[in-house]
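Structure file work-v5.pdb; described as PDB, C-alpha atoms.
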ATOM      1  CA  MET A 207      66.215 -40.852 151.560  1.00  0.00           C
ATOM      2  CA  GLU A 208      62.863 -40.003 150.017  1.00  0.00           C
ATOM      3  CA  LYS A 209      62.631 -38.148 146.722  1.00  0.00           C
ATOM      4  CA  VAL A 210      61.608 -34.545 147.085  1.00  0.00           C
ATOM      5  CA  ARG A 211      58.628 -33.512 144.937  1.00  0.00           C
ATOM      6  CA  PHE A 212      58.037 -29.903 143.868  1.00  0.00           C
ATOM      7  CA  GLU A 213      55.116 -28.053 142.381  1.00  0.00           C
ATOM      8  CA  ALA A 214      55.203 -26.898 138.742  1.00  0.00           C
ATOM      9  CA  PHE A 215      58.019 -24.394 138.083  1.00  0.00           C
ATOM     10  CA  ASN A 216      58.007 -21.521 135.612  1.00  0.00           C
ATOM     11  CA  VAL A 217      60.699 -21.250 132.927  1.00  0.00           C
ATOM     12  CA  GLU A 218      62.999 -18.971 134.892  1.00  0.00           C
ATOM     13  CA  GLU A 219      62.853 -21.180 137.996  1.00  0.00           C
ATOM     14  CA  LEU A 220      63.582 -24.266 135.929  1.00  0.00           C
ATOM     15  CA  ARG A 221      66.671 -22.610 134.434  1.00  0.00           C
ATOM     16  CA  VAL A 222      67.966 -21.700 137.902  1.00  0.00           C
ATOM     17  CA  LEU A 223      67.359 -25.204 139.207  1.00  0.00           C
ATOM     18  CA  ARG A 224      68.998 -26.823 136.204  1.00  0.00           C
ATOM     19  CA  ARG A 225      72.121 -24.737 136.644  1.00  0.00           C
ATOM     20  CA  ALA A 226      72.154 -25.502 140.382  1.00  0.00           C
ATOM     21  CA  CYS A 227      71.797 -29.211 139.666  1.00  0.00           C
ATOM     22  CA  TYR A 228      74.697 -29.141 137.207  1.00  0.00           C
ATOM     23  CA  GLU A 229      76.939 -27.366 139.721  1.00  0.00           C
ATOM     24  CA  ALA A 230      75.822 -29.626 142.575  1.00  0.00           C
ATOM     25  CA  GLY A 231      76.242 -32.662 140.356  1.00  0.00           C
ATOM     26  CA  ALA A 232      79.880 -31.887 139.953  1.00  0.00           C
ATOM     27  CA  ALA A 233      80.250 -31.615 143.721  1.00  0.00           C
ATOM     28  CA  PHE A 234      78.304 -34.854 144.395  1.00  0.00           C
ATOM     29  CA  GLY A 235      80.418 -36.638 141.838  1.00  0.00           C
ATOM     30  CA  ASP A 236      83.543 -36.038 143.834  1.00  0.00           C
ATOM     31  CA  PRO A 237      84.962 -38.915 145.886  1.00  0.00           C
ATOM     32  CA  GLY A 238      83.839 -39.014 149.523  1.00  0.00           C
ATOM     33  CA  HIS A 239      80.062 -38.540 148.988  1.00  0.00           C
ATOM     34  CA  THR A 240      77.548 -41.314 149.292  1.00  0.00           C
ATOM     35  CA  ALA A 241      76.027 -43.096 146.325  1.00  0.00           C
ATOM     36  CA  ALA A 242      72.509 -42.547 147.723  1.00  0.00           C
ATOM     37  CA  GLU A 243      72.950 -38.796 147.670  1.00  0.00           C
ATOM     38  CA  ARG A 244      74.216 -38.963 144.097  1.00  0.00           C
ATOM     39  CA  ALA A 245      71.255 -41.130 142.994  1.00  0.00           C
ATOM     40  CA  THR A 246      68.783 -38.733 144.601  1.00  0.00           C
ATOM     41  CA  LEU A 247      70.362 -35.769 142.845  1.00  0.00           C
ATOM     42  CA  ASP A 248      70.295 -37.593 139.477  1.00  0.00           C
ATOM     43  CA  ASP A 249      66.595 -38.411 139.837  1.00  0.00           C
ATOM     44  CA  LEU A 250      65.804 -34.779 140.745  1.00  0.00           C
ATOM     45  CA  ALA A 251      67.809 -33.428 137.752  1.00  0.00           C
ATOM     46  CA  VAL A 252      66.014 -35.793 135.356  1.00  0.00           C
ATOM     47  CA  GLU A 253      62.630 -34.723 136.661  1.00  0.00           C
ATOM     48  CA  ILE A 254      63.492 -30.984 136.408  1.00  0.00           C
ATOM     49  CA  LEU A 255      64.936 -31.317 132.887  1.00  0.00           C
ATOM     50  CA  GLY A 256      61.871 -33.248 131.701  1.00  0.00           C
ATOM     51  CA  GLU A 257      59.535 -30.502 132.910  1.00  0.00           C
ATOM     52  CA  LEU A 258      61.718 -27.847 131.270  1.00  0.00           C
ATOM     53  CA  LYS A 259      61.690 -29.629 127.890  1.00  0.00           C
ATOM     54  CA  LYS A 260      57.915 -29.966 127.985  1.00  0.00           C
ATOM     55  CA  LYS A 261      57.467 -26.250 128.695  1.00  0.00           C
ATOM     56  CA  GLU A 262      59.936 -25.229 125.986  1.00  0.00           C
ATOM     57  CA  ALA A 263      58.151 -27.433 123.416  1.00  0.00           C
ATOM     58  CA  ALA A 264      54.782 -25.902 124.359  1.00  0.00           C
ATOM     59  CA  ALA A 265      56.179 -22.358 124.047  1.00  0.00           C
ATOM     60  CA  ALA A 266      57.679 -23.128 120.599  1.00  0.00           C
ATOM     61  CA  GLN A 267      54.404 -24.566 119.357  1.00  0.00           C
ATOM     62  CA  GLN A 268      52.553 -21.487 120.574  1.00  0.00           C
ATOM     63  CA  ARG A 269      54.996 -19.185 118.750  1.00  0.00           C
ATOM     64  CA  GLN A 270      54.403 -21.136 115.515  1.00  0.00           C
ATOM     65  CA  GLU A 271      50.620 -20.957 115.821  1.00  0.00           C
ATOM     66  CA  GLU A 272      50.469 -17.167 116.475  1.00  0.00           C
ATOM     67  CA  PRO A 273      51.535 -16.027 112.933  1.00  0.00           C
ATOM     68  CA  LEU A 274      49.053 -18.446 111.350  1.00  0.00           C
ATOM     69  CA  GLU A 275      46.187 -17.033 113.421  1.00  0.00           C
ATOM     70  CA  LYS A 276      47.188 -13.447 112.517  1.00  0.00           C
ATOM     71  CA  ALA A 277      47.433 -14.312 108.798  1.00  0.00           C
ATOM     72  CA  ALA A 278      43.965 -15.897 108.893  1.00  0.00           C
ATOM     73  CA  LYS A 279      42.453 -12.796 110.535  1.00  0.00           C
ATOM     74  CA  GLU A 280      44.085 -10.201 108.208  1.00  0.00           C
ATOM     75  CA  PRO A 281      42.409 -11.335 104.907  1.00  0.00           C
ATOM     76  CA  GLU A 282      39.004 -11.262 106.575  1.00  0.00           C
ATOM     77  CA  LYS A 283      39.675  -7.744 107.892  1.00  0.00           C
ATOM     78  CA  GLY A 284      41.021  -6.518 104.499  1.00  0.00           C
ATOM     79  CA  ALA A 285      38.023  -7.883 102.622  1.00  0.00           C
ATOM     80  CA  ALA A 286      35.672  -6.130 105.023  1.00  0.00           C
ATOM     81  CA  ASP A 287      37.474  -2.753 104.691  1.00  0.00           C
ATOM     82  CA  GLN A 288      37.428  -2.673 100.866  1.00  0.00           C
ATOM     83  CA  PRO A 289      34.566  -0.658  99.359  1.00  0.00           C
ATOM     84  CA  PRO A 290      32.204  -2.425  97.020  1.00  0.00           C
ATOM     85  CA  VAL A 291      33.260  -2.315  93.357  1.00  0.00           C
ATOM     86  CA  ALA A 292      30.854  -0.498  91.097  1.00  0.00           C
ATOM     87  CA  PRO A 293      29.865  -2.397  87.951  1.00  0.00           C
ATOM     88  CA  LYS A 294      31.411  -1.095  84.713  1.00  0.00           C
ATOM     89  CA  ALA A 295      29.124   0.671  82.324  1.00  0.00           C
ATOM     90  CA  PHE A 296      28.623  -1.125  79.036  1.00  0.00           C
ATOM     91  CA  GLN A 297      30.256   0.681  76.113  1.00  0.00           C
ATOM     92  CA  LYS A 298      28.836   0.126  72.704  1.00  0.00           C
ATOM     93  CA  PRO A 299      31.580  -0.614  70.132  1.00  0.00           C
ATOM     94  CA  GLU A 300      32.061   2.024  67.452  1.00  0.00           C
ATOM     95  CA  PRO A 301      31.241   1.187  63.845  1.00  0.00           C
ATOM     96  CA  GLN A 302      34.106  -0.162  61.717  1.00  0.00           C
ATOM     97  CA  LYS A 303      33.884   2.645  59.133  1.00  0.00           C
ATOM     98  CA  LYS A 304      34.298   5.356  61.765  1.00  0.00           C
ATOM     99  CA  ARG A 305      37.440   3.682  63.136  1.00  0.00           C
ATOM    100  CA  ALA A 306      38.960   3.475  59.624  1.00  0.00           C
ATOM    101  CA  VAL A 307      38.316   7.193  59.069  1.00  0.00           C
ATOM    102  CA  GLN A 308      40.008   8.059  62.352  1.00  0.00           C
ATOM    103  CA  ARG A 309      43.075   5.966  61.408  1.00  0.00           C
ATOM    104  CA  LEU A 310      43.359   7.742  58.034  1.00  0.00           C
ATOM    105  CA  ASP A 311      43.203  11.114  59.790  1.00  0.00           C
ATOM    106  CA  ILE A 312      46.075  10.118  62.085  1.00  0.00           C
ATOM    107  CA  LEU A 313      48.228   8.982  59.131  1.00  0.00           C
ATOM    108  CA  GLU A 314      47.561  12.202  57.206  1.00  0.00           C
ATOM    109  CA  ARG A 315      48.506  14.314  60.226  1.00  0.00           C
ATOM    110  CA  ALA A 316      51.754  12.368  60.678  1.00  0.00           C
ATOM    111  CA  LYS A 317      52.687  12.840  56.997  1.00  0.00           C
ATOM    112  CA  ALA A 318      51.934  16.565  57.178  1.00  0.00           C
ATOM    113  CA  ALA A 319      54.116  16.905  60.285  1.00  0.00           C
ATOM    114  CA  GLN A 320      57.017  15.077  58.574  1.00  0.00           C
ATOM    115  CA  LEU A 321      56.746  17.332  55.476  1.00  0.00           C
ATOM    116  CA  ALA A 322      56.749  20.470  57.605  1.00  0.00           C
ATOM    117  CA  GLU A 323      59.769  19.265  59.575  1.00  0.00           C
ATOM    118  CA  SER A 324      61.722  18.394  56.414  1.00  0.00           C
ATOM    119  CA  ALA A 325      60.891  21.838  54.915  1.00  0.00           C
ATOM    120  CA  HIS A 326      62.275  23.662  57.956  1.00  0.00           C
ATOM    121  CA  ARG A 327      65.324  21.412  58.233  1.00  0.00           C
ATOM    122  CA  ALA A 328      68.492  22.773  56.662  1.00  0.00           C
ATOM    123  CA  PRO A 329      69.798  20.784  53.675  1.00  0.00           C
ATOM    124  CA  GLU A 330      72.573  18.411  54.645  1.00  0.00           C
ATOM    125  CA  PRO A 331      75.931  19.068  52.957  1.00  0.00           C
ATOM    126  CA  PRO A 332      77.051  16.375  50.509  1.00  0.00           C
ATOM    127  CA  ASN A 333      79.562  13.890  51.839  1.00  0.00           C
ATOM    128  CA  GLU A 334      83.052  14.762  50.625  1.00  0.00           C
ATOM    129  CA  ALA A 335      85.244  11.973  49.321  1.00  0.00           C
ATOM    130  CA  LYS A 336      88.372  11.489  51.406  1.00  0.00           C
ATOM    131  CA  PHE A 337      91.589   9.739  50.446  1.00  0.00           C
ATOM    132  CA  THR A 338      94.553   8.168  52.214  1.00  0.00           C
ATOM    133  CA  GLY A 339      97.837   6.672  51.058  1.00  0.00           C
ATOM    134  CA  PHE A 340     100.007   7.906  48.166  1.00  0.00           C
ATOM    135  CA  LEU A 341      98.619  11.025  46.429  1.00  0.00           C
ATOM    136  CA  TYR A 342     100.021  12.977  43.462  1.00  0.00           C
ATOM    137  CA  VAL A 343      98.312  16.384  43.375  1.00  0.00           C
ATOM    138  CA  ARG A 344      98.582  19.285  40.944  1.00  0.00           C
ATOM    139  CA  CYS A 345      97.904  22.700  42.527  1.00  0.00           C
ATOM    140  CA  GLU A 346      94.841  24.383  41.002  1.00  0.00           C
ATOM    141  CA  LYS A 347      96.392  27.840  41.502  1.00  0.00           C
ATOM    142  CA  CYS A 348     100.033  27.591  40.378  1.00  0.00           C
ATOM    143  CA  GLY A 349     100.142  24.159  38.684  1.00  0.00           C
ATOM    144  CA  GLN A 350     102.921  22.812  40.944  1.00  0.00           C
ATOM    145  CA  GLU A 351     102.827  18.994  41.245  1.00  0.00           C
ATOM    146  CA  ARG A 352     103.689  17.183  44.462  1.00  0.00           C
ATOM    147  CA  GLY A 353     103.549  13.590  45.676  1.00  0.00           C
ATOM    148  CA  PHE A 354     103.020  12.677  49.329  1.00  0.00           C
ATOM    149  CA  CYS A 355     101.477  10.026  51.609  1.00  0.00           C
ATOM    150  CA  ALA A 356      98.336  10.912  53.587  1.00  0.00           C
ATOM    151  CA  LYS A 357      98.156   8.904  56.801  1.00  0.00           C
ATOM    152  CA  THR A 358      94.678  10.215  57.696  1.00  0.00           C
ATOM    153  CA  PRO A 359      91.676  10.679  55.349  1.00  0.00           C
ATOM    154  CA  ILE A 360      91.771  14.130  53.665  1.00  0.00           C
ATOM    155  CA  SER A 361      89.535  15.881  51.144  1.00  0.00           C
ATOM    156  CA  SER A 362      91.869  18.808  50.303  1.00  0.00           C
ATOM    157  CA  CYS A 363      95.523  19.858  50.546  1.00  0.00           C
ATOM    158  CA  TYR A 364      97.604  23.045  50.423  1.00  0.00           C
ATOM    159  CA  CYS A 365     100.426  23.883  48.014  1.00  0.00           C
ATOM    160  CA  ARG A 366     103.877  24.386  49.508  1.00  0.00           C
ATOM    161  CA  GLU A 367     104.825  26.942  46.839  1.00  0.00           C
ATOM    162  CA  CYS A 368     101.848  29.335  46.739  1.00  0.00           C
ATOM    163  CA  GLY A 369      99.751  28.163  49.694  1.00  0.00           C
ATOM    164  CA  GLY A 370      96.687  27.612  47.509  1.00  0.00           C
ATOM    165  CA  LYS A 371      94.041  25.081  48.533  1.00  0.00           C
ATOM    166  CA  THR A 372      93.208  22.220  46.180  1.00  0.00           C
ATOM    167  CA  GLU A 373      90.080  20.129  46.583  1.00  0.00           C
ATOM    168  CA  LEU A 374      90.573  16.408  45.919  1.00  0.00           C
ATOM    169  CA  LYS A 375      87.839  15.917  43.314  1.00  0.00           C
ATOM    170  CA  ASN A 376      87.569  13.627  40.280  1.00  0.00           C
ATOM    171  CA  MET A 377      90.532  11.606  41.524  1.00  0.00           C
ATOM    172  CA  ARG A 378      91.972   8.920  39.241  1.00  0.00           C
ATOM    173  CA  GLN A 379      94.002   5.805  40.025  1.00  0.00           C
ATOM    174  CA  VAL A 380      97.669   5.537  39.073  1.00  0.00           C
ATOM    175  CA  LYS A 381      99.719   2.356  38.894  1.00  0.00           C
ATOM    176  CA  ILE A 382     103.369   3.109  38.305  1.00  0.00           C
ATOM    177  CA  TRP A 383     106.314   0.761  37.896  1.00  0.00           C
ATOM    178  CA  CYS A 384     109.883   1.759  37.165  1.00  0.00           C
ATOM    179  CA  GLU A 385     112.922   0.134  35.538  1.00  0.00           C
ATOM    180  CA  CYS A 386     114.541   0.079  39.003  1.00  0.00           C
ATOM    181  CA  GLY A 387     111.975  -2.561  40.003  1.00  0.00           C
ATOM    182  CA  SER A 388     109.789  -0.380  42.221  1.00  0.00           C
ATOM    183  CA  ALA A 389     105.994  -0.322  41.850  1.00  0.00           C
ATOM    184  CA  TYR A 390     103.443   1.892  43.579  1.00  0.00           C
ATOM    185  CA  ARG A 391      99.781   2.887  43.526  1.00  0.00           C
ATOM    186  CA  TYR A 392      98.593   6.515  43.715  1.00  0.00           C
ATOM    187  CA  HIS A 393      95.518   8.723  43.422  1.00  0.00           C
ATOM    188  CA  THR A 394      95.825  11.918  41.376  1.00  0.00           C
ATOM    189  CA  ASN A 395      93.653  14.887  40.378  1.00  0.00           C
ATOM    190  CA  ILE A 396      95.409  15.257  37.005  1.00  0.00           C
ATOM    191  CA  GLN A 397      93.046  14.812  34.052  1.00  0.00           C
ATOM    192  CA  ASP A 398      95.611  14.945  31.184  1.00  0.00           C
ATOM    193  CA  ALA A 399      95.886  12.178  28.616  1.00  0.00           C
ATOM    194  CA  ALA A 400      99.588  11.715  29.543  1.00  0.00           C
ATOM    195  CA  PHE A 401     102.092  13.209  31.973  1.00  0.00           C
ATOM    196  CA  ASP A 402     105.424  12.421  33.638  1.00  0.00           C
ATOM    197  CA  MET A 403     105.698  11.333  37.255  1.00  0.00           C
ATOM    198  CA  PRO A 404     108.934  10.730  39.215  1.00  0.00           C
ATOM    199  CA  CYS A 405     109.663   7.327  40.734  1.00  0.00           C
ATOM    200  CA  LEU A 406     109.505   7.345  44.506  1.00  0.00           C
ATOM    201  CA  ASN A 407     112.602   5.132  44.785  1.00  0.00           C
ATOM    202  CA  CYS A 408     115.070   6.449  42.171  1.00  0.00           C
ATOM    203  CA  GLU A 409     113.309   9.743  41.269  1.00  0.00           C
ATOM    204  CA  ALA A 410     113.588   8.961  37.537  1.00  0.00           C
ATOM    205  CA  PRO A 411     110.685  10.370  35.464  1.00  0.00           C
ATOM    206  CA  VAL A 412     108.167   7.772  34.292  1.00  0.00           C
ATOM    207  CA  ALA A 413     105.888   8.591  31.337  1.00  0.00           C
ATOM    208  CA  LEU A 414     102.275   7.718  32.165  1.00  0.00           C
ATOM    209  CA  GLU A 415      99.219   7.502  29.906  1.00  0.00           C
ATOM    210  CA  TRP A 416      95.510   6.935  30.519  1.00  0.00           C
ATOM    211  CA  ASN A 417      94.336   3.353  29.967  1.00  0.00           C
ATOM    212  CA  GLU A 418      90.636   3.472  29.144  1.00  0.00           C
ATOM    213  CA  ASN A 419      90.138  -0.278  29.519  1.00  0.00           C
ATOM    214  CA  LYS A 420      91.608  -0.497  33.032  1.00  0.00           C
ATOM    215  CA  ASN A 421      90.439   2.999  34.036  1.00  0.00           C
ATOM    216  CA  ARG A 422      93.839   4.097  35.388  1.00  0.00           C
ATOM    217  CA  TYR A 423      97.162   5.751  34.515  1.00  0.00           C
ATOM    218  CA  GLN A 424     100.084   3.404  33.804  1.00  0.00           C
ATOM    219  CA  PRO A 425     103.523   3.571  32.107  1.00  0.00           C
ATOM    220  CA  MET A 426     103.583   3.875  28.303  1.00  0.00           C
ATOM    221  CA  ASN A 427     104.567   0.837  26.221  1.00  0.00           C
ATOM    222  CA  SER A 428     105.637  -1.134  29.250  1.00  0.00           C
ATOM    223  CA  GLU A 429     104.443  -4.353  30.839  1.00  0.00           C
ATOM    224  CA  PRO A 430     103.987  -4.557  34.598  1.00  0.00           C
ATOM    225  CA  PRO A 431     106.760  -6.431  36.466  1.00  0.00           C
ATOM    226  CA  LYS A 432     106.153 -10.084  37.182  1.00  0.00           C
ATOM    227  CA  ALA A 433     105.197 -10.996  40.727  1.00  0.00           C
ATOM    228  CA  ARG A 434     107.964 -12.488  42.834  1.00  0.00           C
ATOM    229  CA  ARG A 435     107.762 -16.068  43.938  1.00  0.00           C
ATOM    230  CA  GLY A 436     105.971 -16.503  47.219  1.00  0.00           C
ATOM    231  CA  ARG A 437     103.765 -13.481  46.595  1.00  0.00           C
ATOM    232  CA  LYS A 438     100.271 -13.479  45.220  1.00  0.00           C
TER
END
Rewritten as structure tokens:
Amino acid sequence: MEKVRFEAFNVEELRVLRRACYEAGAAFGDPGHTAAERATLDDLAVEILGELKKKEAAAAQQRQEEPLEKAAKEPEKGAADQPPVAPKAFQKPEPQKKRAVQRLDILERAKAAQLAESAHRAPEPPNEAKFTGFLYVRCEKCGQERGFCAKTPISSCYCRECGGKTELKNMRQVKIWCECGSAYRYHTNIQDAAFDMPCLNCEAPVALEWNENKNRYQPMNSEPPKARRGRK
């Protein structure tokens, strides 16, 4: 049987023929058909597939070359569309003395603006000292003394007896220790040379005096308790 030759196929025709060859190949591969028919079909399928691969390679190469040609044409078109750039006019530099005078004027204006702003600005209130921890306060209105612990910073407190407000100013440190073994640290607004203060643990009165060297109140004629072992 002679091999059948065809003219050049387009891509769509080659796809149809390839599919037909695959389906026919399965049929010719079945038992009962002649080997000559199978050989003829194999030769025809090889020839069709070769033509299809060549056409697909040519189409792929053409698709790759198209963007390069467009990119080469666009810069030439863009350069032609741009208007010519006018040359910049030459500017003569200013003298150095004139520049220095201008800088001084700017600094003087900035200083004047800052002075005017500070004059119109309201004076800021002074920062009030605030205290936490153990406090021993004497009421400025009725003279009642009270000890308490402030858990948050406060700058004033109110008397429980008369309701008067006492500002916490000129506060002094107090270090108190008692015969019961307790020791505490306070801040107080009392300015006396000596006064009595109750122990927080046993409520016994402890006589305190001002120690000029240590700048604090402490018990009279008494030594501080020794530190326990294991404590610094």
* Run through the PyMOL selection byres ((chain A and resi 409) around 12) on the given coordinates and return the selected residues as a PyMOL selection string. => chain A and resi 353+383-386+388+402-408+410-412
Can you pull out every residue within 12 Å of Cys345 (chain A), counting all atoms listed in the file, but drop anything in the same chain fewer than 3 positions away, and send it as an MDAnalysis selection string?
chainID A and resid 342 348:353 362:374 394:396
For a test of reading the model, state the distance in Å between CA of Cys355 (chain A) and CA of Tyr392 (chain A), rounded to one decimal.
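Between CA of Cys355 (chain A) and CA of Tyr392 (chain A) the gap works out to 9.1 Å.
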Contacts of Phe340 (chain A) at 12 Å or less, counting all atoms listed in the file, minus same-chain residues fewer than 6 places along, as a list in words?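 What passes the distance filter is Arg352, Gly353, Phe354, Cys355, Ala356, Lys357, Thr358, Pro359, Ile360, Gln379, Val380, Lys381, Ile382, Ala389, Tyr390, Arg391, Tyr392, His393, Thr394 and Leu406 of chain A.
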Hey, can I get the axis-aligned box for region 402-412 of chain A? All listed atoms, 4 Å padding on each side, centre and edge lengths in Å to one decimal, as JSON.
{"center_x": 110.2, "center_y": 8.8, "center_z": 39.2, "size_x": 17.6, "size_y": 15.3, "size_z": 19.1}
Please tell me which residues are no farther than 9 Å from (98.3, 11.6, 28.9) in the file, counting all atoms listed in the file, and write them as a list in words.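 Taken together, the residues in range are Gln397, Asp398, Ala399, Ala400, Phe401, Asp402, Ala413, Leu414, Glu415, Trp416 and Tyr423 of chain A.
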The distance between CA of Ser361 (chain A) and CA of Ala335 (chain A) is 6.1 Å
Requested in this report: For CA of Pro430 (chain A) and CA of Arg344 (chain A), determine how far apart the two atoms are, in Å to one decimal place.
Outcome: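 If I compute the distance from CA of Pro430 (chain A) to CA of Arg344 (chain A), I get 25.3 Å.
Nearest residue to Lys260 (chain A) among A:Asn421, A:Val217, A:Glu275, A:Ala226 is A:Val217, counting all atoms listed in the file.
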